[in-house]
file target-v1.csv (CSV, C-alpha atoms)
chain,number,residue,atom,x,y,z
A,1,MET,CA,0.0,0.0,0.0
A,2,SER,CA,1.1,3.6,-0.5
A,3,PRO,CA,-0.6,6.9,0.1
A,4,THR,CA,-3.5,7.6,-2.3
A,5,THR,CA,-4.7,10.9,-3.6
A,6,GLY,CA,-7.4,12.5,-1.5
A,7,GLY,CA,-5.8,11.1,1.7
A,8,TRP,CA,-5.8,14.5,3.2
A,9,LEU,CA,-9.6,14.2,3.6
A,10,LEU,CA,-8.9,11.5,6.2
A,11,TYR,CA,-7.0,13.7,8.6
A,12,LEU,CA,-9.3,16.6,7.8
A,13,ALA,CA,-12.3,14.5,9.0
A,14,VAL,CA,-10.4,13.8,12.2
A,15,LEU,CA,-9.0,17.3,12.8
A,16,LEU,CA,-12.1,19.5,11.9
A,17,PRO,CA,-14.2,18.5,15.1
A,18,PHE,CA,-11.1,19.0,17.3
A,19,ILE,CA,-10.4,22.4,15.7
A,20,GLY,CA,-14.0,23.3,16.4
A,21,LEU,CA,-13.7,22.0,20.0
A,22,MET,CA,-10.7,24.2,20.6
A,23,LEU,CA,-12.2,27.3,19.0
A,24,GLY,CA,-15.4,26.8,21.0
A,25,LEU,CA,-13.4,26.4,24.2
A,26,VAL,CA,-11.5,29.7,23.5
A,27,LEU,CA,-14.4,31.7,22.3
A,28,GLY,CA,-16.7,30.4,25.1
A,29,GLY,CA,-20.4,30.9,25.9
A,30,ARG,CA,-22.9,31.2,23.0
A,31,ASN,CA,-20.1,31.2,20.5
A,32,ALA,CA,-19.4,27.5,21.3
A,33,GLN,CA,-22.8,26.7,19.9
A,34,HIS,CA,-22.3,28.7,16.7
A,35,VAL,CA,-18.8,27.1,16.3
A,36,ALA,CA,-20.4,23.6,16.7
A,37,ARG,CA,-23.1,24.4,14.1
A,38,VAL,CA,-20.4,25.6,11.5
A,39,THR,CA,-18.2,22.6,12.3
A,40,MET,CA,-21.1,20.2,11.8
A,41,LEU,CA,-21.7,21.5,8.3
A,42,LEU,CA,-18.0,21.5,7.4
A,43,GLY,CA,-17.5,18.1,8.8
A,44,PHE,CA,-20.5,16.7,7.0
A,45,THR,CA,-19.2,18.1,3.8
A,46,THR,CA,-15.8,16.6,4.4
A,47,VAL,CA,-17.2,13.1,5.1
A,48,SER,CA,-19.4,13.3,2.0
A,49,ALA,CA,-16.4,14.3,-0.1
A,50,LEU,CA,-14.5,11.4,1.4
A,51,ALA,CA,-17.3,9.0,0.6
A,52,TRP,CA,-17.6,10.3,-2.9
A,53,HIS,CA,-13.9,9.9,-3.4
A,54,ILE,CA,-14.0,6.3,-2.3
A,55,ILE,CA,-17.0,5.4,-4.4
A,56,GLU,CA,-15.6,7.1,-7.5
A,57,SER,CA,-12.1,5.6,-7.2
A,58,GLY,CA,-13.3,2.2,-5.9
A,59,HIS,CA,-10.3,1.6,-3.6
A,60,THR,CA,-9.2,2.2,-0.1
A,61,LEU,CA,-8.0,5.7,0.9
A,62,GLU,CA,-4.7,5.8,2.7
A,63,TYR,CA,-2.7,8.6,4.3
A,64,TRP,CA,0.8,8.5,5.9
A,65,LEU,CA,1.2,11.0,8.7
A,66,GLY,CA,4.4,13.1,7.9
A,67,GLY,CA,5.1,10.9,4.9
A,68,TRP,CA,6.5,8.1,7.1
A,69,ALA,CA,5.8,4.6,5.9
A,70,PRO,CA,4.4,2.0,8.3
A,71,PRO,CA,5.6,0.1,10.4
A,72,LEU,CA,7.5,3.2,11.7
A,73,GLY,CA,5.0,5.8,10.7
A,74,ILE,CA,1.3,6.1,11.4
A,75,SER,CA,-1.2,5.4,8.6
A,76,LEU,CA,-4.8,6.5,8.3
A,77,ARG,CA,-7.0,4.2,6.2
A,78,ALA,CA,-10.6,4.2,5.1
A,79,ASP,CA,-12.2,1.4,3.1
A,80,GLY,CA,-15.9,0.9,2.1
A,81,LEU,CA,-16.9,-0.2,5.6
A,82,SER,CA,-15.2,2.7,7.3
A,83,MET,CA,-16.8,5.1,4.8
A,84,VAL,CA,-20.3,3.8,5.6
A,85,MET,CA,-19.6,4.2,9.3
A,86,LEU,CA,-18.2,7.7,8.9
A,87,LEU,CA,-21.3,8.7,7.0
A,88,VAL,CA,-23.6,7.2,9.6
A,89,VAL,CA,-21.8,9.0,12.4
A,90,ALA,CA,-22.0,12.3,10.5
A,91,VAL,CA,-25.7,11.8,9.9
A,92,VAL,CA,-26.4,10.9,13.6
A,93,ILE,CA,-24.3,13.9,14.8
A,94,MET,CA,-26.3,16.2,12.5
A,95,ALA,CA,-29.6,14.8,13.8
A,96,VAL,CA,-28.6,15.2,17.4
A,97,GLY,CA,-27.2,18.6,16.7
A,98,ILE,CA,-30.5,19.8,15.2
A,99,TYR,CA,-32.5,18.2,18.1
A,100,ALA,CA,-30.3,19.7,20.7
A,101,GLN,CA,-30.6,23.3,19.4
A,102,ALA,CA,-33.7,23.8,21.6
A,103,ASP,CA,-32.6,21.6,24.5
A,104,PHE,CA,-29.1,23.0,24.9
A,105,ASP,CA,-29.6,26.6,23.9
A,106,THR,CA,-27.8,29.2,26.0
A,107,PRO,CA,-30.5,31.2,27.8
A,108,GLN,CA,-31.0,34.8,26.6
A,109,GLY,CA,-29.1,37.4,28.7
A,110,GLN,CA,-26.6,35.0,30.1
A,111,PRO,CA,-23.0,35.0,28.7
A,112,GLU,CA,-22.4,31.3,29.4
A,113,THR,CA,-24.1,28.3,31.1
A,114,ARG,CA,-22.3,25.1,32.0
A,115,ARG,CA,-24.7,22.6,30.5
A,116,PRO,CA,-25.0,23.8,26.9
A,117,PHE,CA,-21.3,24.9,26.7
A,118,SER,CA,-20.1,21.4,27.8
A,119,PHE,CA,-22.6,19.6,25.6
A,120,TRP,CA,-21.6,21.3,22.4
A,121,LEU,CA,-17.9,20.9,23.0
A,122,LEU,CA,-18.2,17.2,24.1
A,123,MET,CA,-20.4,16.5,21.0
A,124,LEU,CA,-17.5,17.7,18.8
A,125,ALA,CA,-15.0,15.6,20.9
A,126,VAL,CA,-17.1,12.5,20.4
A,127,TRP,CA,-17.3,13.1,16.7
A,128,GLY,CA,-13.5,13.7,16.3
A,129,SER,CA,-12.5,10.6,18.4
A,130,LEU,CA,-15.1,8.4,16.5
A,131,ASN,CA,-13.6,9.5,13.2
A,132,LEU,CA,-10.2,8.7,14.5
A,133,VAL,CA,-11.4,5.2,15.6
A,134,LEU,CA,-12.8,4.6,12.1
A,135,VAL,CA,-9.8,5.7,10.1
A,136,SER,CA,-6.8,4.6,12.3
A,137,GLY,CA,-4.6,2.1,10.7
A,138,ASP,CA,-2.7,0.7,13.7
A,139,LEU,CA,-3.6,-0.7,17.0
A,140,PHE,CA,-2.0,1.9,19.2
A,141,THR,CA,-3.7,4.9,17.5
A,142,LEU,CA,-6.9,2.9,17.9
A,143,TYR,CA,-6.2,2.6,21.7
A,144,VAL,CA,-5.6,6.4,22.0
A,145,ALA,CA,-8.8,7.0,20.0
A,146,LEU,CA,-10.8,4.7,22.2
A,147,GLU,CA,-9.5,6.4,25.3
A,148,LEU,CA,-10.4,9.8,23.8
A,149,LEU,CA,-13.9,8.5,23.2
A,150,THR,CA,-14.2,7.5,26.8
A,151,PHE,CA,-13.0,10.9,28.0
A,152,ALA,CA,-15.7,12.5,25.8
A,153,GLY,CA,-18.4,10.0,26.9
A,154,VAL,CA,-17.9,10.2,30.7
A,155,PRO,CA,-18.6,13.9,31.1
A,156,LEU,CA,-21.7,13.5,28.9
A,157,VAL,CA,-23.0,10.9,31.4
A,158,SER,CA,-22.5,13.4,34.3
A,159,LEU,CA,-23.8,16.4,32.4
A,160,ASP,CA,-26.7,16.9,34.9
A,161,GLY,CA,-24.3,16.8,37.8
A,162,ARG,CA,-26.6,15.0,40.3
A,163,GLY,CA,-25.2,12.4,42.7
A,164,GLU,CA,-26.5,9.4,40.8
A,165,ASN,CA,-25.1,10.8,37.5
A,166,LEU,CA,-21.7,11.2,39.0
A,167,ARG,CA,-21.8,7.7,40.5
A,168,ALA,CA,-22.8,6.3,37.1
A,169,ALA,CA,-20.1,8.2,35.4
A,170,LEU,CA,-17.5,7.0,37.9
A,171,ARG,CA,-18.6,3.4,37.4
A,172,TYR,CA,-18.5,3.9,33.6
A,173,ILE,CA,-14.9,5.2,33.7
A,174,LEU,CA,-13.7,2.3,35.9
A,175,PHE,CA,-15.2,-0.2,33.5
A,176,ALA,CA,-13.9,1.6,30.4
A,177,LEU,CA,-10.4,2.0,31.8
A,178,LEU,CA,-10.1,-1.7,32.7
A,179,GLY,CA,-11.4,-2.4,29.1
A,180,SER,CA,-8.9,-0.2,27.4
A,181,LEU,CA,-6.0,-1.5,29.6
A,182,LEU,CA,-6.8,-5.1,28.6
A,183,TYR,CA,-6.9,-3.9,25.0
A,184,LEU,CA,-3.5,-2.2,25.4
A,185,LEU,CA,-2.1,-5.3,27.0
A,186,GLY,CA,-3.2,-7.3,23.9
A,187,ALA,CA,-1.6,-4.7,21.6
A,188,VAL,CA,1.7,-4.8,23.6
A,189,LEU,CA,1.9,-8.6,23.4
A,190,LEU,CA,1.3,-8.4,19.6
A,191,TYR,CA,4.1,-6.0,19.3
A,192,GLY,CA,6.3,-8.2,21.3
A,193,ALA,CA,5.6,-11.2,19.1
A,194,TYR,CA,5.4,-9.7,15.6
A,195,GLY,CA,7.2,-6.3,15.9
A,196,THR,CA,4.5,-4.2,14.3
A,197,LEU,CA,1.2,-2.6,15.3
A,198,ASP,CA,0.0,-1.8,11.8
A,199,ILE,CA,-3.2,-3.7,11.2
A,200,GLN,CA,-2.5,-4.6,7.5
A,201,LEU,CA,1.1,-5.7,8.2
A,202,LEU,CA,-0.1,-7.7,11.2
A,203,ALA,CA,-2.8,-9.4,9.1
A,204,GLY,CA,0.0,-10.9,6.9
A,205,LEU,CA,2.2,-11.9,9.9
A,206,VAL,CA,-0.1,-13.3,12.5
A,207,ARG,CA,0.0,-17.1,13.1
A,208,PRO,CA,-2.4,-19.4,15.0
A,209,GLU,CA,-0.5,-19.9,18.3
A,210,PRO,CA,-1.3,-19.6,22.0
A,211,LEU,CA,-0.1,-16.0,22.2
A,212,THR,CA,-2.4,-14.9,19.4
A,213,TRP,CA,-5.3,-16.6,21.2
A,214,ALA,CA,-4.4,-14.9,24.5
A,215,VAL,CA,-4.3,-11.5,22.7
A,216,LEU,CA,-7.7,-12.2,21.1
A,217,ALA,CA,-9.2,-13.1,24.5
A,218,LEU,CA,-7.8,-9.9,26.1
A,219,MET,CA,-8.9,-7.6,23.4
A,220,THR,CA,-12.3,-9.2,23.1
A,221,VAL,CA,-13.0,-9.0,26.9
A,222,GLY,CA,-11.6,-5.4,27.0
A,223,LEU,CA,-13.9,-4.2,24.2
A,224,LEU,CA,-16.8,-6.2,25.6
A,225,ALA,CA,-16.5,-4.1,28.8
A,226,LYS,CA,-16.4,-0.8,26.8
A,227,THR,CA,-19.3,-1.9,24.6
A,228,ALA,CA,-21.3,-3.0,27.6
A,229,LEU,CA,-22.1,-6.5,26.3
A,230,PHE,CA,-23.4,-9.2,28.8
A,231,PRO,CA,-21.9,-10.0,31.3
A,232,LEU,CA,-20.0,-6.6,31.5
A,233,HIS,CA,-23.1,-4.5,30.9
A,234,ILE,CA,-24.0,-3.3,34.5
A,235,TRP,CA,-22.5,0.2,34.1
A,236,LEU,CA,-24.7,1.1,31.1
A,237,PRO,CA,-28.4,1.4,32.4
A,238,PRO,CA,-27.7,4.0,35.1
A,239,ALA,CA,-25.2,5.9,32.8
A,240,HIS,CA,-27.4,6.2,29.8
A,241,ALA,CA,-30.7,6.7,31.7
A,242,GLY,CA,-29.3,9.5,33.7
A,243,ALA,CA,-28.0,11.5,30.8
A,244,PRO,CA,-30.1,14.2,29.1
A,245,ALA,CA,-32.0,13.0,26.0
A,246,ALA,CA,-29.6,14.4,23.4
A,247,ALA,CA,-26.5,13.2,25.3
A,248,SER,CA,-28.1,9.8,25.7
A,249,ALA,CA,-28.6,9.6,21.9
A,250,LEU,CA,-24.9,10.3,21.4
A,251,LEU,CA,-23.9,7.7,24.0
A,252,SER,CA,-26.2,4.9,22.9
A,253,ALA,CA,-25.9,5.5,19.1
A,254,LEU,CA,-22.3,6.4,18.8
A,255,VAL,CA,-20.0,6.1,21.8
A,256,ILE,CA,-20.5,2.4,22.6
A,257,LYS,CA,-20.4,1.6,18.8
A,258,GLY,CA,-16.8,3.0,18.7
A,259,SER,CA,-15.4,0.0,20.6
B,260,MET,CA,17.2,-15.8,34.0
B,261,ASN,CA,18.1,-12.7,31.9
B,262,THR,CA,17.1,-9.2,32.5
B,263,ALA,CA,14.1,-9.0,30.1
B,264,THR,CA,12.6,-12.1,31.6
B,265,LEU,CA,12.9,-10.6,35.1
B,266,PHE,CA,11.2,-7.4,34.0
B,267,GLY,CA,8.5,-9.4,32.3
B,268,LEU,CA,7.8,-11.4,35.5
B,269,CYS,CA,7.7,-8.2,37.5
B,270,ALA,CA,5.2,-6.8,35.0
B,271,SER,CA,3.0,-9.9,35.3
B,272,ALA,CA,3.1,-9.6,39.1
B,273,LEU,CA,2.1,-6.0,38.9
B,274,ILE,CA,-0.8,-6.7,36.5
B,275,GLY,CA,-2.0,-9.6,38.7
B,276,MET,CA,-1.9,-7.4,41.9
B,277,GLY,CA,-3.7,-4.6,40.1
B,278,VAL,CA,-6.5,-6.9,38.9
B,279,TYR,CA,-6.8,-8.4,42.4
B,280,GLY,CA,-7.0,-5.0,43.9
B,281,LEU,CA,-9.6,-3.8,41.4
B,282,LEU,CA,-11.9,-6.8,42.0
B,283,THR,CA,-11.7,-6.9,45.8
B,284,ASN,CA,-11.7,-3.3,46.9
B,285,PRO,CA,-15.1,-1.6,47.0
B,286,GLN,CA,-13.7,1.9,47.5
B,287,PRO,CA,-13.4,3.9,44.2
B,288,LEU,CA,-10.1,5.5,45.1
B,289,ARG,CA,-8.5,2.1,45.6
B,290,LYS,CA,-10.0,0.9,42.3
B,291,ILE,CA,-8.4,3.9,40.6
B,292,ILE,CA,-5.0,3.1,42.2
B,293,ALA,CA,-5.4,-0.6,41.2
B,294,LEU,CA,-6.0,0.5,37.6
B,295,ASN,CA,-2.8,2.6,37.7
B,296,ILE,CA,-0.9,-0.5,39.0
B,297,ILE,CA,-2.2,-2.5,36.1
B,298,GLY,CA,-1.2,0.3,33.8
B,299,SER,CA,2.3,0.4,35.3
B,300,GLY,CA,2.6,-3.4,34.8
B,301,ILE,CA,1.7,-3.0,31.1
B,302,PHE,CA,4.2,-0.2,30.6
B,303,LEU,CA,6.9,-2.2,32.3
B,304,LEU,CA,6.1,-5.2,30.0
B,305,PHE,CA,6.4,-2.9,27.0
B,306,GLY,CA,9.7,-1.6,28.3
B,307,ALA,CA,10.9,-5.2,28.7
B,308,ILE,CA,9.8,-6.0,25.1
B,309,ALA,CA,11.7,-2.9,23.9
B,310,TYR,CA,14.8,-4.1,25.8
B,311,ARG,CA,14.6,-7.5,24.3
B,312,GLY,CA,14.1,-6.2,20.8
B,313,ALA,CA,17.3,-4.0,20.8
B,314,GLY,CA,18.7,-3.6,17.3
B,315,ALA,CA,22.4,-3.5,16.3
B,316,GLY,CA,24.2,-0.7,18.2
B,317,MET,CA,21.1,0.4,20.1
B,318,GLY,CA,20.3,0.0,23.8
B,319,SER,CA,16.7,-0.8,23.1
B,320,ASP,CA,14.0,-0.7,20.4
B,321,PRO,CA,12.9,3.0,20.3
B,322,VAL,CA,9.3,2.5,19.0
B,323,PRO,CA,7.8,1.1,22.2
B,324,GLN,CA,9.4,3.9,24.2
B,325,ALA,CA,7.7,6.5,22.0
B,326,LEU,CA,4.4,4.6,22.4
B,327,LEU,CA,5.0,4.3,26.2
B,328,ILE,CA,5.2,8.1,26.7
B,329,THR,CA,1.8,8.5,24.9
B,330,GLY,CA,0.4,5.7,27.0
B,331,ILE,CA,1.6,7.3,30.2
B,332,VAL,CA,0.0,10.6,29.3
B,333,VAL,CA,-3.3,8.9,28.5
B,334,ALA,CA,-3.2,7.0,31.8
B,335,PHE,CA,-2.5,10.2,33.6
B,336,SER,CA,-5.4,12.1,32.1
B,337,ALA,CA,-7.7,9.1,32.8
B,338,THR,CA,-6.7,9.1,36.5
B,339,ALA,CA,-7.1,12.9,36.7
B,340,LEU,CA,-10.6,12.6,35.2
B,341,ALA,CA,-11.6,9.8,37.5
B,342,ILE,CA,-10.3,11.7,40.6
B,343,ALA,CA,-12.1,14.8,39.6
B,344,LEU,CA,-15.4,12.8,39.3
B,345,LEU,CA,-14.7,11.2,42.7
B,346,LEU,CA,-14.1,14.6,44.3
B,347,ARG,CA,-17.3,16.1,42.8
B,348,LEU,CA,-19.2,13.0,43.9
B,349,TYR,CA,-18.0,13.6,47.5
B,350,GLU,CA,-18.9,17.3,47.3
B,351,VAL,CA,-22.5,16.6,46.0
B,352,THR,CA,-23.4,13.5,48.0
B,353,GLY,CA,-21.0,13.5,51.0
B,354,SER,CA,-20.0,9.9,50.3
B,355,VAL,CA,-17.7,8.2,48.0
B,356,SER,CA,-19.5,4.8,47.7
B,357,LEU,CA,-20.3,3.3,44.3
B,358,ALA,CA,-23.3,1.5,45.8
B,359,SER,CA,-26.7,2.4,44.4
B,360,ASP,CA,-29.0,4.9,46.0
B,361,GLU,CA,-31.2,2.4,47.9
B,362,ALA,CA,-28.3,1.3,50.0
B,363,ASN,CA,-27.0,4.8,50.3
B,364,PRO,CA,-29.7,7.5,50.5
B,365,PRO,CA,-28.7,10.7,48.6
B,366,ASP,CA,-27.7,13.5,50.9
B,367,HIS,CA,-27.9,16.6,48.8
B,368,LYS,CA,-26.1,19.4,50.5
B,369,PRO,CA,-28.0,22.7,50.1
B,370,GLY,CA,-26.1,25.1,47.9
B,371,ALA,CA,-23.9,22.4,46.3
B,372,PRO,CA,-22.3,23.9,43.2
B,373,GLU,CA,-24.4,23.4,40.1

call {"tool": "encode", "arguments": {"input": "target-v1.csv", "output": "structure tokens"}}
result
Amino acid sequence: MSPTTGGWLLYLAVLLPFIGLMLGLVLGGRNAQHVARVTMLLGFTTVSALAWHIIESGHTLEYWLGGWAPPLGISLRADGLSMVMLLVVAVVIMAVGIYAQADFDTPQGQPETRRPFSFWLLMLAVWGSLNLVLVSGDLFTLYVALELLTFAGVPLVSLDGRGENLRAALRYILFALLGSLLYLLGAVLLYGAYGTLDIQLLAGLVRPEPLTWAVLALMTVGLLAKTALFPLHIWLPPAHAGAPAAASALLSALVIKGS
Amino acid sequence: MNTATLFGLCASALIGMGVYGLLTNPQPLRKIIALNIIGSGIFLLFGAIAYRGAGAGMGSDPVPQALLITGIVVAFSATALAIALLLRLYEVTGSVSLASDEANPPDHKPGAPE
């Protein structure tokens, strides 16, 4: 594989929400909402362009960060499946954004209120980290993206700030951290055995042996905890039920699908 | 037993202790510390793998070290977020238990920060 034309769309899809997040954080208050609105439109356009590019050219998009080739460099990759997921995420984010315009509007006459301000910034954070999950080409970038997704999801759970929300958020972060540590342990063992973390290179190297099965078990259990599948589901009902409707839509529809 | 094996065994011991602590301690702060011990074990294991995979003329394989630093930063932010949640939970409810509300009636302090 080598970098393809239009690969810059991949990092743009990841960077745009984070740029919006930082702009919103600096500008503050009602501006955060405007920034989120503009970022949603730009991000949706980027993802549509990316999808069009993949459909037209008919092959996988690939981008090498800094021009460094894997296994030393980091590659971003999007095939047909990632493209569909990116599109779905963008559509859900747009829908939640439109719904939340009323729910999370900054009240007139107030410069900044905590709930709307946090919600709009966290929504952009969820979007950026999900796009990174979907386009990352190696296991360690995937780990960092999954952690970012957790860091965006946990504050969404505790958005209302009541005691039971905080308790649910704390339980969520304990489960999610254990899950991502198990995943990281699997990635570390794979690196120890095969000397690369790039998913495509690994696919050609991996052999059926006890170590690979152990890694498979660790990663599966870790991601089960993050996705809240039985029997590691107990954190989910209080966390998702206690979040405001729009935040709950983000959590149920997007955050747990990331892992 | 060579050095890499010794480090690997230490790492497994740390991970095992962390998992034991996470499962047996009900207090959230101890669970957070246990998660950090698991994290340290994984980082030590990665360090041992780097040491074992040293190329010609190098002390150790540099790629795991670069990844380790990122991993440590991520683990640090996760701990900070968890501790911040725990502190706010104590401010709002006056307790730090993870048990549900029936076992632990909510005790909303008047004037708790919104």

call {"tool": "residues_near_point", "arguments": {"input": "target-v1.csv", "point": "(1.7, -4.9, 23.9)", "cutoff": "12 Å", "atoms": "all atoms listed in the file", "output": "PyMOL selection string"}}
result
(chain A and resi 139-140+143+181-197+211-212+214-215+218-219) or (chain B and resi 267+270+298+300-309+322-324+326-327+330)

call {"tool": "interface_residues", "arguments": {"input": "target-v1.csv", "of": "chain A", "to": "chain B", "cutoff": "8 Å", "atoms": "only C-alpha atoms", "output": "tab-separated table (two decimals) with C-alpha atoms, in the frame of the given file"}}
result
chain	number	residue	atom	x	y	z
A	72	LEU	CA	7.50	3.20	11.70
A	140	PHE	CA	-2.00	1.90	19.20
A	144	VAL	CA	-5.60	6.40	22.00
A	147	GLU	CA	-9.50	6.40	25.30
A	151	PHE	CA	-13.00	10.90	28.00
A	161	GLY	CA	-24.30	16.80	37.80
A	162	ARG	CA	-26.60	15.00	40.30
A	163	GLY	CA	-25.20	12.40	42.70
A	164	GLU	CA	-26.50	9.40	40.80
A	166	LEU	CA	-21.70	11.20	39.00
A	167	ARG	CA	-21.80	7.70	40.50
A	169	ALA	CA	-20.10	8.20	35.40
A	170	LEU	CA	-17.50	7.00	37.90
A	171	ARG	CA	-18.60	3.40	37.40
A	173	ILE	CA	-14.90	5.20	33.70
A	174	LEU	CA	-13.70	2.30	35.90
A	177	LEU	CA	-10.40	2.00	31.80
A	178	LEU	CA	-10.10	-1.70	32.70
A	181	LEU	CA	-6.00	-1.50	29.60
A	184	LEU	CA	-3.50	-2.20	25.40
A	185	LEU	CA	-2.10	-5.30	27.00
A	188	VAL	CA	1.70	-4.80	23.60
A	192	GLY	CA	6.30	-8.20	21.30

call {"tool": "residues_around", "arguments": {"input": "target-v1.csv", "residues": "region 115-119 of chain A", "least_positions_apart": "3", "cutoff": "12 Å", "atoms": "all atoms listed in the file", "output": "mmCIF file with C-alpha atoms, in the coordinates of the input"}}
result
data_model
loop_
_atom_site.group_PDB
_atom_site.id
_atom_site.type_symbol
_atom_site.label_atom_id
_atom_site.label_comp_id
_atom_site.auth_asym_id
_atom_site.auth_seq_id
_atom_site.Cartn_x
_atom_site.Cartn_y
_atom_site.Cartn_z
ATOM 1 C CA LEU A 21 -13.700 22.000 20.000
ATOM 2 C CA GLY A 24 -15.400 26.800 21.000
ATOM 3 C CA LEU A 25 -13.400 26.400 24.200
ATOM 4 C CA VAL A 26 -11.500 29.700 23.500
ATOM 5 C CA LEU A 27 -14.400 31.700 22.300
ATOM 6 C CA GLY A 28 -16.700 30.400 25.100
ATOM 7 C CA GLY A 29 -20.400 30.900 25.900
ATOM 8 C CA ARG A 30 -22.900 31.200 23.000
ATOM 9 C CA ASN A 31 -20.100 31.200 20.500
ATOM 10 C CA ALA A 32 -19.400 27.500 21.300
ATOM 11 C CA GLN A 33 -22.800 26.700 19.900
ATOM 12 C CA HIS A 34 -22.300 28.700 16.700
ATOM 13 C CA VAL A 35 -18.800 27.100 16.300
ATOM 14 C CA ALA A 36 -20.400 23.600 16.700
ATOM 15 C CA VAL A 96 -28.600 15.200 17.400
ATOM 16 C CA GLY A 97 -27.200 18.600 16.700
ATOM 17 C CA ALA A 100 -30.300 19.700 20.700
ATOM 18 C CA GLN A 101 -30.600 23.300 19.400
ATOM 19 C CA ALA A 102 -33.700 23.800 21.600
ATOM 20 C CA ASP A 103 -32.600 21.600 24.500
ATOM 21 C CA PHE A 104 -29.100 23.000 24.900
ATOM 22 C CA ASP A 105 -29.600 26.600 23.900
ATOM 23 C CA THR A 106 -27.800 29.200 26.000
ATOM 24 C CA PRO A 107 -30.500 31.200 27.800
ATOM 25 C CA GLN A 110 -26.600 35.000 30.100
ATOM 26 C CA PRO A 111 -23.000 35.000 28.700
ATOM 27 C CA GLU A 112 -22.400 31.300 29.400
ATOM 28 C CA LEU A 122 -18.200 17.200 24.100
ATOM 29 C CA MET A 123 -20.400 16.500 21.000
ATOM 30 C CA LEU A 124 -17.500 17.700 18.800
ATOM 31 C CA ALA A 125 -15.000 15.600 20.900
ATOM 32 C CA VAL A 126 -17.100 12.500 20.400
ATOM 33 C CA ALA A 152 -15.700 12.500 25.800
ATOM 34 C CA GLY A 153 -18.400 10.000 26.900
ATOM 35 C CA VAL A 154 -17.900 10.200 30.700
ATOM 36 C CA PRO A 155 -18.600 13.900 31.100
ATOM 37 C CA LEU A 156 -21.700 13.500 28.900
ATOM 38 C CA VAL A 157 -23.000 10.900 31.400
ATOM 39 C CA SER A 158 -22.500 13.400 34.300
ATOM 40 C CA LEU A 159 -23.800 16.400 32.400
ATOM 41 C CA ASP A 160 -26.700 16.900 34.900
ATOM 42 C CA GLY A 161 -24.300 16.800 37.800
ATOM 43 C CA ALA A 243 -28.000 11.500 30.800
ATOM 44 C CA PRO A 244 -30.100 14.200 29.100
ATOM 45 C CA ALA A 245 -32.000 13.000 26.000
ATOM 46 C CA ALA A 246 -29.600 14.400 23.400
ATOM 47 C CA ALA A 247 -26.500 13.200 25.300
ATOM 48 C CA SER A 248 -28.100 9.800 25.700
ATOM 49 C CA LEU A 250 -24.900 10.300 21.400
ATOM 50 C CA GLU B 373 -24.400 23.400 40.100
#

call {"tool": "closest_residue", "arguments": {"input": "target-v1.csv", "among": "B:Met260, B:Met317, B:Ile296, B:Leu288", "to": "Ala272 (chain B)", "atoms": "only C-alpha atoms"}}
result
B:Ile296

call {"tool": "atom_distance", "arguments": {"input": "target-v1.csv", "atom1": "CA of Lys226 (chain A)", "atom2": "CA of Pro238 (chain A)"}}
result
14.8 Å

call {"tool": "closest_residue", "arguments": {"input": "target-v1.csv", "among": "B:Ser299, B:Pro285, B:Gly280, B:Ser319", "to": "Ala263 (chain B)", "atoms": "only C-alpha atoms"}}
result
B:Ser319

call {"tool": "atom_distance", "arguments": {"input": "target-v1.csv", "atom1": "CA of Ile55 (chain A)", "atom2": "CA of Val14 (chain A)"}}
result
19.7 Å

call {"tool": "atom_distance", "arguments": {"input": "target-v1.csv", "atom1": "CA of Val47 (chain A)", "atom2": "CA of Leu86 (chain A)"}}
result
6.7 Å
